[in-house]
>>> print(open('protein.cif').read())   # mmCIF, C-alpha atoms and all ligand atoms
data_target
loop_
_atom_site.label_atom_id
_atom_site.label_comp_id
_atom_site.auth_asym_id
_atom_site.auth_seq_id
_atom_site.Cartn_x
_atom_site.Cartn_y
_atom_site.Cartn_z
CA MET A 1 0.00 0.00 0.00
CA MET A 2 2.75 2.38 1.14
CA LYS A 3 4.71 1.59 -1.98
CA GLN A 4 1.71 2.26 -4.22
CA ILE A 5 1.15 5.63 -2.62
CA LYS A 6 4.80 6.48 -3.15
CA VAL A 7 4.67 5.52 -6.82
CA PHE A 8 1.45 7.44 -7.25
CA ALA A 9 2.91 10.52 -5.54
CA GLY A 10 6.00 10.22 -7.71
CA ILE A 11 3.98 10.12 -10.89
CA LEU A 12 1.89 13.05 -9.71
CA VAL A 13 4.99 15.13 -8.99
CA LEU A 14 6.40 14.30 -12.42
CA LEU A 15 3.12 15.19 -14.09
CA LEU A 16 2.91 18.50 -12.27
CA LEU A 17 6.52 19.29 -13.09
CA PHE A 18 5.91 18.53 -16.74
CA ALA A 19 2.72 20.56 -16.82
CA GLY A 20 4.36 23.44 -15.05
CA PHE A 21 7.16 23.67 -17.52
CA ALA A 22 5.21 22.72 -20.59
CA LYS A 23 5.02 25.73 -22.82
CA PRO A 24 2.21 26.42 -25.21
CA ALA A 25 3.21 25.87 -28.84
CA VAL A 26 4.96 29.00 -30.01
CA TYR A 27 6.69 29.94 -33.21
CA THR A 28 8.77 32.99 -34.19
CA GLU A 29 10.05 34.16 -37.55
CA THR A 30 12.30 37.13 -38.30
CA GLU A 31 13.01 38.84 -41.60
CA PHE A 32 14.51 42.13 -42.80
CA LEU A 33 11.66 44.08 -44.35
CA MET A 34 10.53 47.70 -44.61
CA ASP A 35 14.07 48.76 -43.90
CA THR A 36 13.99 47.14 -40.48
CA VAL A 37 14.00 43.86 -38.59
CA VAL A 38 10.53 42.37 -38.45
CA SER A 39 9.78 39.56 -36.05
CA VAL A 40 6.48 37.80 -35.57
CA THR A 41 5.66 35.43 -32.72
CA ALA A 42 2.43 33.48 -32.67
CA TYR A 43 1.06 30.89 -30.26
CA GLY A 44 -0.94 27.84 -31.26
CA THR A 45 -0.63 24.72 -33.34
CA HIS A 46 -0.96 26.46 -36.72
CA ALA A 47 1.34 29.34 -35.84
CA LYS A 48 3.94 28.48 -38.48
CA GLU A 49 1.49 28.58 -41.39
CA ALA A 50 -0.16 31.74 -40.07
CA ILE A 51 3.20 33.50 -39.80
CA SER A 52 4.07 32.50 -43.36
CA ALA A 53 0.87 34.16 -44.55
CA VAL A 54 1.78 37.28 -42.56
CA PHE A 55 5.22 37.57 -44.16
CA MET A 56 3.75 37.15 -47.65
CA ARG A 57 1.51 40.11 -46.96
CA LEU A 58 4.29 42.19 -45.39
CA ARG A 59 6.56 41.62 -48.39
CA GLU A 60 3.75 42.70 -50.68
CA LEU A 61 3.10 45.84 -48.62
CA ASP A 62 6.80 46.68 -48.57
CA LYS A 63 7.00 46.36 -52.36
CA LYS A 64 4.01 48.59 -52.78
CA CYS A 65 4.90 51.36 -50.33
CA ASN A 66 8.68 51.60 -50.56
CA ALA A 67 9.55 55.06 -51.90
CA HIS A 68 13.08 53.91 -52.77
CA GLN A 69 12.02 50.94 -54.83
CA LYS A 70 11.42 51.30 -58.55
CA GLY A 71 8.13 49.68 -59.41
CA SER A 72 6.40 50.52 -56.14
CA VAL A 73 3.13 52.44 -56.25
CA ILE A 74 4.74 55.23 -54.26
CA TYR A 75 7.62 55.37 -56.73
CA ALA A 76 5.11 55.77 -59.56
CA ILE A 77 3.47 58.67 -57.75
CA ASN A 78 6.82 60.25 -56.97
CA THR A 79 7.99 60.18 -60.56
CA ALA A 80 4.67 61.34 -62.05
CA PRO A 81 4.32 64.83 -63.52
CA LYS A 82 2.01 67.40 -61.99
CA ASN A 83 -1.68 67.74 -62.81
CA VAL A 84 -1.96 64.16 -64.04
CA PRO A 85 -4.35 61.97 -62.03
CA ILE A 86 -2.66 58.76 -60.91
CA SER A 87 -4.90 55.76 -60.34
CA VAL A 88 -4.24 53.84 -57.14
CA ASP A 89 -5.94 50.88 -55.50
CA GLU A 90 -8.32 51.26 -52.59
CA GLU A 91 -5.75 50.38 -49.97
CA MET A 92 -3.25 52.97 -51.18
CA PHE A 93 -5.94 55.59 -51.55
CA ASP A 94 -7.10 55.01 -47.97
CA LEU A 95 -3.56 55.03 -46.61
CA ILE A 96 -2.77 58.35 -48.26
CA GLN A 97 -6.11 59.84 -47.31
CA GLN A 98 -5.76 58.81 -43.67
CA SER A 99 -2.22 60.19 -43.55
CA LEU A 100 -3.40 63.52 -44.90
CA LEU A 101 -6.32 63.70 -42.48
CA PHE A 102 -3.97 62.90 -39.63
CA SER A 103 -1.49 65.48 -40.87
CA ASN A 104 -4.24 68.06 -40.63
CA ASP A 105 -5.16 66.97 -37.08
CA ALA A 106 -1.49 67.15 -36.12
CA GLN A 107 -1.31 70.70 -37.41
CA GLY A 108 1.31 69.72 -39.96
CA ALA A 109 3.70 68.03 -37.51
CA PHE A 110 3.23 64.87 -39.53
CA ASP A 111 3.78 65.10 -43.27
CA ILE A 112 4.02 62.29 -45.84
CA THR A 113 5.35 64.66 -48.53
CA LEU A 114 8.74 65.15 -46.89
CA PHE A 115 10.59 62.74 -49.17
CA PRO A 116 12.42 65.44 -51.20
CA VAL A 117 13.74 66.83 -47.92
CA SER A 118 14.68 63.53 -46.29
CA THR A 119 16.44 62.48 -49.50
CA LEU A 120 18.76 65.48 -49.08
CA TRP A 121 19.69 64.34 -45.58
CA ALA A 122 20.17 60.72 -46.73
CA PHE A 123 19.89 59.34 -43.20
CA GLY A 124 21.04 55.79 -42.85
CA THR A 125 23.37 55.98 -45.87
CA LYS A 126 27.08 56.72 -46.27
CA GLU A 127 26.15 59.98 -48.01
CA ALA A 128 24.39 61.35 -44.93
CA THR A 129 25.39 64.98 -44.46
CA VAL A 130 23.93 68.38 -43.58
CA PRO A 131 22.42 69.68 -46.83
CA GLN A 132 22.85 73.18 -48.21
CA GLU A 133 20.24 75.45 -46.72
CA THR A 134 19.14 76.59 -50.18
CA ALA A 135 18.54 72.96 -51.15
CA ILE A 136 16.28 72.50 -48.11
CA VAL A 137 14.37 75.68 -48.88
CA THR A 138 13.87 74.56 -52.48
CA ALA A 139 12.74 71.09 -51.41
CA LEU A 140 10.25 72.62 -48.99
CA THR A 141 8.44 74.28 -51.91
CA THR A 142 7.34 70.78 -52.99
CA THR A 143 6.05 69.62 -49.59
CA GLY A 144 2.75 69.97 -47.77
CA ALA A 145 -0.63 68.30 -47.86
CA ASP A 146 -1.90 71.01 -50.23
CA LYS A 147 0.32 69.58 -52.99
CA LEU A 148 -1.95 66.54 -53.30
CA MET A 149 -5.49 66.36 -54.60
CA LEU A 150 -7.51 63.26 -53.86
CA ASP A 151 -10.46 62.13 -55.93
CA LYS A 152 -12.30 59.45 -53.99
CA GLU A 153 -14.78 58.60 -56.70
CA ASN A 154 -12.16 57.91 -59.34
CA ARG A 155 -9.57 56.79 -56.78
CA THR A 156 -6.84 59.04 -58.11
CA ILE A 157 -4.09 61.17 -56.61
CA THR A 158 -3.00 64.33 -58.42
CA LYS A 159 0.12 66.29 -57.58
CA THR A 160 -0.01 70.04 -57.99
CA ASN A 161 3.79 70.24 -58.04
CA SER A 162 5.92 67.93 -60.16
CA GLY A 163 8.58 67.74 -57.44
CA THR A 164 6.21 66.43 -54.79
CA GLN A 165 7.21 63.01 -53.47
CA LEU A 166 5.65 60.79 -50.83
CA ASP A 167 7.23 58.79 -48.04
CA LEU A 168 5.01 56.55 -45.94
CA GLY A 169 7.96 55.52 -43.77
CA ALA A 170 6.47 56.99 -40.62
CA ALA A 171 3.15 55.22 -41.07
CA VAL A 172 3.43 52.02 -43.05
CA LYS A 173 4.96 49.84 -40.33
CA GLY A 174 2.03 50.59 -38.07
CA TYR A 175 -0.41 49.77 -40.83
CA ALA A 176 1.53 46.60 -41.59
CA ALA A 177 1.36 45.58 -37.91
CA GLU A 178 -2.38 45.99 -38.01
CA GLU A 179 -2.64 43.91 -41.19
CA ALA A 180 -0.40 41.25 -39.67
CA LEU A 181 -2.67 40.85 -36.63
CA LYS A 182 -5.69 40.62 -38.93
CA ILE A 183 -4.08 37.82 -40.93
CA LEU A 184 -3.06 35.93 -37.81
CA LYS A 185 -6.62 36.14 -36.53
CA GLU A 186 -8.00 34.92 -39.87
CA ASN A 187 -5.65 31.97 -39.53
CA GLY A 188 -7.02 31.02 -36.15
CA ILE A 189 -4.34 32.61 -33.97
CA SER A 190 -5.54 34.38 -30.85
CA HIS A 191 -2.25 35.14 -29.08
CA ALA A 192 0.60 36.94 -30.83
CA TYR A 193 3.42 39.41 -30.44
CA LEU A 194 5.14 41.24 -33.27
CA ASP A 195 7.82 43.86 -33.61
CA LEU A 196 8.44 45.80 -36.81
CA GLY A 197 11.45 47.89 -35.85
CA GLY A 198 9.91 49.73 -32.93
CA ASN A 199 6.32 49.09 -33.89
CA VAL A 200 5.13 46.47 -31.42
CA ALA A 201 1.70 44.87 -31.71
CA VAL A 202 0.18 42.38 -29.29
CA MET A 203 -2.95 40.28 -29.42
CA GLY A 204 -4.78 38.26 -26.78
CA GLY A 205 -2.03 38.42 -24.18
CA LYS A 206 0.55 35.70 -23.61
CA PRO A 207 -0.93 32.27 -22.93
CA THR A 208 -0.33 31.18 -19.35
CA ARG A 209 1.44 27.94 -18.69
CA PHE A 210 -0.68 24.93 -17.90
CA LEU A 211 -0.05 24.81 -14.16
CA LYS A 212 -0.56 28.51 -13.71
CA ARG A 213 -3.76 28.32 -15.65
CA LEU A 214 -4.87 25.46 -13.44
CA LEU A 215 -4.10 27.43 -10.30
CA THR A 216 -5.32 30.89 -11.34
CA GLY A 217 -7.95 30.07 -13.96
CA LYS A 218 -6.35 32.67 -16.23
CA LYS A 219 -5.84 31.79 -19.87
CA ALA A 220 -3.50 34.67 -20.61
CA GLU A 221 -1.30 37.24 -18.96
CA PRO A 222 -0.31 40.58 -20.45
CA PHE A 223 2.70 40.82 -22.71
CA ILE A 224 5.50 42.82 -21.11
CA ILE A 225 7.00 45.43 -23.43
CA GLY A 226 10.22 47.18 -22.46
CA LEU A 227 10.88 50.84 -23.19
CA GLN A 228 14.38 51.07 -24.63
CA MET A 229 16.88 53.35 -22.95
CA PRO A 230 18.11 55.73 -25.67
CA ASP A 231 21.76 55.35 -26.70
CA ALA A 232 22.17 52.24 -24.55
CA PRO A 233 22.71 48.73 -25.92
CA ARG A 234 19.52 47.34 -27.41
CA GLY A 235 17.48 45.61 -24.74
CA THR A 236 18.44 48.03 -21.97
CA VAL A 237 15.03 48.73 -20.57
CA MET A 238 13.97 51.80 -18.59
CA GLU A 239 10.39 50.82 -17.92
CA THR A 240 8.01 48.05 -18.81
CA LEU A 241 4.43 48.26 -20.00
CA SER A 242 1.87 45.46 -19.74
CA LEU A 243 -0.62 45.00 -22.51
CA TYR A 244 -2.98 42.29 -23.79
CA ASP A 245 -4.11 43.95 -27.00
CA GLY A 246 -2.88 46.99 -28.86
CA PHE A 247 0.00 48.77 -30.51
CA ILE A 248 3.06 50.26 -28.84
CA VAL A 249 5.21 52.41 -31.08
CA THR A 250 8.40 54.28 -30.31
CA SER A 251 9.96 57.09 -32.32
CA GLY A 252 13.40 58.17 -31.22
CA ASN A 253 16.45 60.14 -32.28
CA TYR A 254 18.95 57.45 -31.28
CA GLU A 255 18.79 54.92 -34.10
CA ARG A 256 18.91 56.74 -37.41
CA TYR A 257 21.24 59.71 -37.13
CA PHE A 258 24.71 61.00 -37.93
CA GLU A 259 26.96 63.46 -36.19
CA GLU A 260 28.70 66.45 -37.73
CA ASN A 261 30.77 68.97 -35.76
CA GLY A 262 29.55 67.45 -32.53
CA LYS A 263 25.89 67.88 -33.35
CA ARG A 264 23.44 65.06 -33.82
CA TYR A 265 21.24 65.12 -36.92
CA HIS A 266 18.44 62.59 -36.72
CA HIS A 267 15.73 61.39 -39.07
CA ILE A 268 12.59 62.93 -37.58
CA LEU A 269 12.13 66.22 -39.35
CA ASN A 270 10.20 69.35 -38.56
CA PRO A 271 8.06 69.71 -41.70
CA LYS A 272 8.09 73.49 -41.29
CA THR A 273 11.87 73.86 -41.36
CA GLY A 274 13.14 70.70 -43.05
CA TYR A 275 15.62 70.20 -40.18
CA PRO A 276 15.65 67.54 -37.44
CA VAL A 277 13.47 68.31 -34.46
CA TYR A 278 15.25 69.54 -31.32
CA ASN A 279 12.93 69.85 -28.37
CA GLY A 280 14.69 68.03 -25.59
CA LEU A 281 13.16 64.64 -26.40
CA LYS A 282 15.03 61.45 -27.11
CA SER A 283 12.05 59.21 -27.59
CA VAL A 284 8.29 59.09 -27.57
CA THR A 285 6.34 55.90 -27.03
CA VAL A 286 2.66 55.74 -27.83
CA VAL A 287 0.08 53.09 -26.95
CA ALA A 288 -3.01 53.05 -29.14
CA ASP A 289 -5.55 50.55 -30.42
CA ASN A 290 -5.03 51.33 -34.10
CA GLY A 291 -1.71 50.42 -35.68
CA LEU A 292 -1.53 53.02 -38.42
CA GLU A 293 -2.56 55.74 -36.04
CA ALA A 294 -0.10 54.61 -33.35
CA ASP A 295 2.79 54.87 -35.82
CA MET A 296 1.74 58.30 -37.07
CA LEU A 297 1.16 59.45 -33.50
CA SER A 298 4.64 58.50 -32.31
CA THR A 299 6.25 60.56 -35.07
CA ALA A 300 3.84 63.47 -34.72
CA LEU A 301 4.17 63.65 -30.92
CA PHE A 302 7.94 63.61 -31.25
CA VAL A 303 7.71 66.61 -33.57
CA LEU A 304 5.14 68.41 -31.43
CA GLY A 305 7.17 68.03 -28.23
CA GLU A 306 5.88 67.56 -24.70
CA GLU A 307 4.25 70.98 -24.56
CA ASN A 308 1.96 70.39 -27.53
CA MET A 309 1.11 66.75 -26.86
CA PRO A 310 -2.37 67.55 -25.48
CA LEU A 311 -3.37 68.20 -29.10
CA LEU A 312 -3.33 64.46 -29.83
CA ALA A 313 -3.29 62.88 -26.36
CA ASN A 314 -6.94 61.84 -26.41
CA ARG A 315 -6.15 59.43 -29.26
CA CYS A 316 -3.58 57.59 -27.15
CA GLN A 317 -4.03 55.10 -24.34
CA GLY A 318 -0.56 55.90 -23.15
CA ILE A 319 2.28 58.30 -23.87
CA TYR A 320 5.80 57.96 -22.44
CA VAL A 321 8.69 60.28 -23.21
CA ILE A 322 12.40 60.11 -22.45
CA ASP A 323 14.24 63.41 -22.55
CA ASP A 324 17.85 64.50 -23.01
CA GLN A 325 18.48 64.01 -19.28
CA MET A 326 17.34 60.39 -19.64
CA GLU A 327 14.34 61.21 -17.55
CA LEU A 328 11.26 59.15 -18.27
CA THR A 329 7.86 60.81 -17.97
CA ALA A 330 4.48 59.16 -18.28
CA VAL A 331 2.71 62.00 -20.09
CA LYS A 332 -0.32 59.74 -20.15
CA PRO A 333 0.09 56.58 -18.05
CA LEU A 334 -1.25 53.39 -19.58
CA ILE A 335 -3.93 51.63 -17.57
CA THR A 336 -3.87 47.95 -18.37
CA ALA A 337 -7.33 46.46 -18.13
CA GLU A 338 -7.61 42.91 -16.81
CA ASN A 339 -8.52 40.48 -19.52
P1 LIG B 1 10.92 54.85 -37.80
O1 LIG B 1 10.38 54.72 -39.20
O2 LIG B 1 12.38 54.90 -37.71
O3 LIG B 1 10.30 53.88 -36.87
P2 LIG B 1 9.16 57.07 -37.55
O4 LIG B 1 7.93 56.25 -37.58
O5 LIG B 1 9.17 58.19 -36.57
O6 LIG B 1 10.45 56.25 -37.28
O7 LIG B 1 9.33 57.65 -39.02
C1 LIG B 1 10.43 58.41 -39.39
C2 LIG B 1 10.56 58.38 -40.90
O8 LIG B 1 9.46 59.07 -41.49
C3 LIG B 1 11.79 59.10 -41.37
O9 LIG B 1 12.82 58.19 -41.64
C4 LIG B 1 11.34 59.84 -42.63
O10 LIG B 1 11.39 58.97 -43.73
C5 LIG B 1 9.90 60.12 -42.34
N1 LIG B 1 9.66 61.38 -41.59
C6 LIG B 1 10.55 62.18 -40.95
N2 LIG B 1 9.94 63.21 -40.34
C7 LIG B 1 8.61 63.07 -40.60
C8 LIG B 1 7.46 63.82 -40.25
N3 LIG B 1 7.54 64.93 -39.52
N4 LIG B 1 6.26 63.38 -40.71
C9 LIG B 1 6.16 62.27 -41.46
N5 LIG B 1 7.21 61.51 -41.82
C10 LIG B 1 8.42 61.90 -41.39
MG MG B 2 5.99 56.65 -36.90
#
>>> encode(input="protein.cif", output="structure tokens", more="lines below")
Ligand code: ADP
Ligand code: MG
Amino acid sequence: MMKQIKVFAGILVLLLLFAGFAKPAVYTETEFLMDTVVSVTAYGTHAKEAISAVFMRLRELDKKCNAHQKGSVIYAINTAPKNVPISVDEEMFDLIQQSLLFSNDAQGAFDITLFPVSTLWAFGTKEATVPQETAIVTALTTTGADKLMLDKENRTITKTNSGTQLDLGAAVKGYAAEEALKILKENGISHAYLDLGGNVAVMGGKPTRFLKRLLTGKKAEPFIIGLQMPDAPRGTVMETLSLYDGFIVTSGNYERYFEENGKRYHHILNPKTGYPVYNGLKSVTVVADNGLEADMLSTALFVLGEENMPLLANRCQGIYVIDDQMELTAVKPLITAEN
């Protein structure tokens, strides 16, 4: 009898140990896309297939929206003459329209027509240098939402200046994150985490391990997202946020920049001046429930600076900034609802 109990207890302990450590099926894939490292993690038995479908879509989006790539829809717009309506598909029309509407709401702090200016700066290339002021002034004559006319009925975009060129770089990763979650869901995935170079998207929280689920009755716990310390090795975290569902996007001046005569020139530009924004901020992190909007918000809030953030704060669930003194401020603290 005693022996039987011992064997039984032994088996029970083993079972519990196994269950406690057993992880839910999880699969991750990483690829360089949209000029950044994209990694998608999905939980569930069909995660691998679902992630493959996501990457197919992301590659397609990248091809379509990449301003630098000949053959992209954006490239076609950028090389088109003025006053000629350019036909685009519904997705591109909506993307451009939403960007312009947002630009208006952000009082011009966000501007998808900055490509002629950012090309002069050439951030992220060996040619990166401070442009001639006259070149910036000239480029600025081609920028601004008023240089584009949208015809919804015929789904066309018309430039009113032949030099006008679009760059969806500050918005497309957020849109892509949103599309990725949609595809995962369509493929039966209900828990996922993805990161498109600073655009993080989470869905359904992280599945709890078997034993924990048994003990707490909780199917999922929030994903923990770290806020990167600027200029520190990647992964150095200043603060963590917990989130089950939503988009967390960071725009910062510490990844794409060059230095000249001791001054840092970074890739987030003030559309009014054509020069990098200097307002004491090193990074802005936004939490929102729409991917495209989250991405646009992070860039726009960086440009607006802490003082003017109230303009867009009601669209965010959370706003965190890190300033030049490495001080972190929760401009709008995120409240994580229990799932
Ligand atoms: P990242 O793409 O590095 O994550 P952002 O989302 O903030 O960062 O987008 C910055 C990119 O968007 C720049 O590299 C440039 O191509 C473009 N850009 C720069 N300034 C602006 C701006 N004020 N509004 C819209 N796009 C911008
Ligand atoms: Mg952005």
>>> closest_atom_pairs(input="protein.cif", of="chain A", to="ligand MG 2 (chain B)", cutoff="10 Å", atoms="all atoms listed in the file", output="CSV")
residue,atom,partner,partner_atom,distance
A:Phe110,CA,B:MG2,MG,9.1
A:Leu168,CA,B:MG2,MG,9.1
A:Gly169,CA,B:MG2,MG,7.2
A:Ala170,CA,B:MG2,MG,3.8
A:Ala171,CA,B:MG2,MG,5.2
A:Val172,CA,B:MG2,MG,8.1
A:Lys173,CA,B:MG2,MG,7.7
A:Gly174,CA,B:MG2,MG,7.3
A:Gly198,CA,B:MG2,MG,8.9
A:Asn199,CA,B:MG2,MG,8.1
A:Val249,CA,B:MG2,MG,7.2
A:Thr250,CA,B:MG2,MG,7.4
A:Ser251,CA,B:MG2,MG,6.1
A:Gly252,CA,B:MG2,MG,9.5
A:Ile268,CA,B:MG2,MG,9.1
A:Val284,CA,B:MG2,MG,9.9
A:Thr285,CA,B:MG2,MG,9.9
A:Val286,CA,B:MG2,MG,9.7
A:Gly291,CA,B:MG2,MG,10.0
A:Leu292,CA,B:MG2,MG,8.5
A:Glu293,CA,B:MG2,MG,8.6
A:Ala294,CA,B:MG2,MG,7.3
A:Asp295,CA,B:MG2,MG,3.8
A:Met296,CA,B:MG2,MG,4.6
A:Leu297,CA,B:MG2,MG,6.5
A:Ser298,CA,B:MG2,MG,5.1
A:Thr299,CA,B:MG2,MG,4.3
A:Ala300,CA,B:MG2,MG,7.5
A:Leu301,CA,B:MG2,MG,9.4
A:Phe302,CA,B:MG2,MG,9.2
>>> residues_around(input="protein.cif", residues="A:Phe115", least_positions_apart="3", cutoff="7 Å", atoms="all atoms listed in the file", output="PyMOL selection string")
chain A and resi 118-119+165-167
>>> closest_residue(input="protein.cif", among="A:Thr158, A:Asp289, A:Met309, A:Gly188", to="A:Thr45", atoms="all atoms listed in the file")
A:Gly188
>>> closest_atom_pairs(input="protein.cif", of="stretch 37-65 of chain A", to="stretch 76-92 of chain A", cutoff="10 Å", atoms="all atoms listed in the file", output="tab-separated table")
residue	atom	partner	partner_atom	distance
A:Leu61	CA	A:Met92	CA	9.9
A:Lys64	CA	A:Met92	CA	8.6
A:Cys65	CA	A:Met92	CA	8.4
>>> residues_around(input="protein.cif", residues="stretch 144-150 of chain A", least_positions_apart="6", cutoff="7 Å", atoms="only C-alpha atoms", output="number ranges by chain")
A: 100, 111, 113, 156-161, 164
>>> closest_residue(input="protein.cif", among="A:Ser242, A:Thr134, A:Thr208, A:Asn270", to="ligand LIG 1 (chain B)", atoms="only C-alpha atoms and all ligand atoms")
A:Asn270
>>> atom_distance(input="protein.cif", atom1="atom CA of A:Lys206", atom2="atom CA of A:Met229")
24.1 Å
>>> closest_residue(input="protein.cif", among="A:Ile224, A:Val303, A:Ile5, A:Met56", to="ligand LIG 1 (chain B)", atoms="all atoms listed in the file")
A:Val303
>>> closest_residue(input="protein.cif", among="A:Ser72, A:Ser162, A:Asn290, A:Thr143", to="ligand LIG 1 (chain B)", atoms="only C-alpha atoms and all ligand atoms")
A:Thr143
>>> closest_residue(input="protein.cif", among="A:Ile51, A:Val277, A:Ala220, A:Val73", to="ligand LIG 1 (chain B)", atoms="all atoms listed in the file")
A:Val277
>>> residues_around(input="protein.cif", residues="A:Glu29", least_positions_apart="4", cutoff="9 Å", atoms="all atoms listed in the file", output="list in words")
Val38, Ser39, Val40, Thr41, Lys48, Ile51, Ser52 and Phe55 of chain A
>>> closest_residue(input="protein.cif", among="A:Lys263, A:Lys272, A:Arg209, A:Lys219", to="ligand LIG 1 (chain B)", atoms="only C-alpha atoms and all ligand atoms")
A:Lys272
>>> atom_distance(input="protein.cif", atom1="atom O6 of ligand LIG 1 (chain B)", atom2="atom CA of A:His267")
7.6 Å
>>> residues_around(input="protein.cif", residues="A:Ile189", least_positions_apart="2", cutoff="7 Å", atoms="only C-alpha atoms", output="list in words")
Ala42, Tyr43, Gly44, Ala47, Leu184, Lys185, Asn187 and His191 of chain A
>>> atom_distance(input="protein.cif", atom1="atom CA of A:Ala288", atom2="atom CA of A:Cys316")
5.0 Å
>>> residues_around(input="protein.cif", residues="A:Val37", least_positions_apart="4", cutoff="6 Å", atoms="all atoms listed in the file", output="PyMOL selection string")
chain A and resi 31-32+197
>>> residues_near_point(input="protein.cif", point="(13.0, 46.8, -51.4)", cutoff="12 Å", atoms="all atoms listed in the file", output="ChimeraX atom specification")
/A:32-36,58-72,75
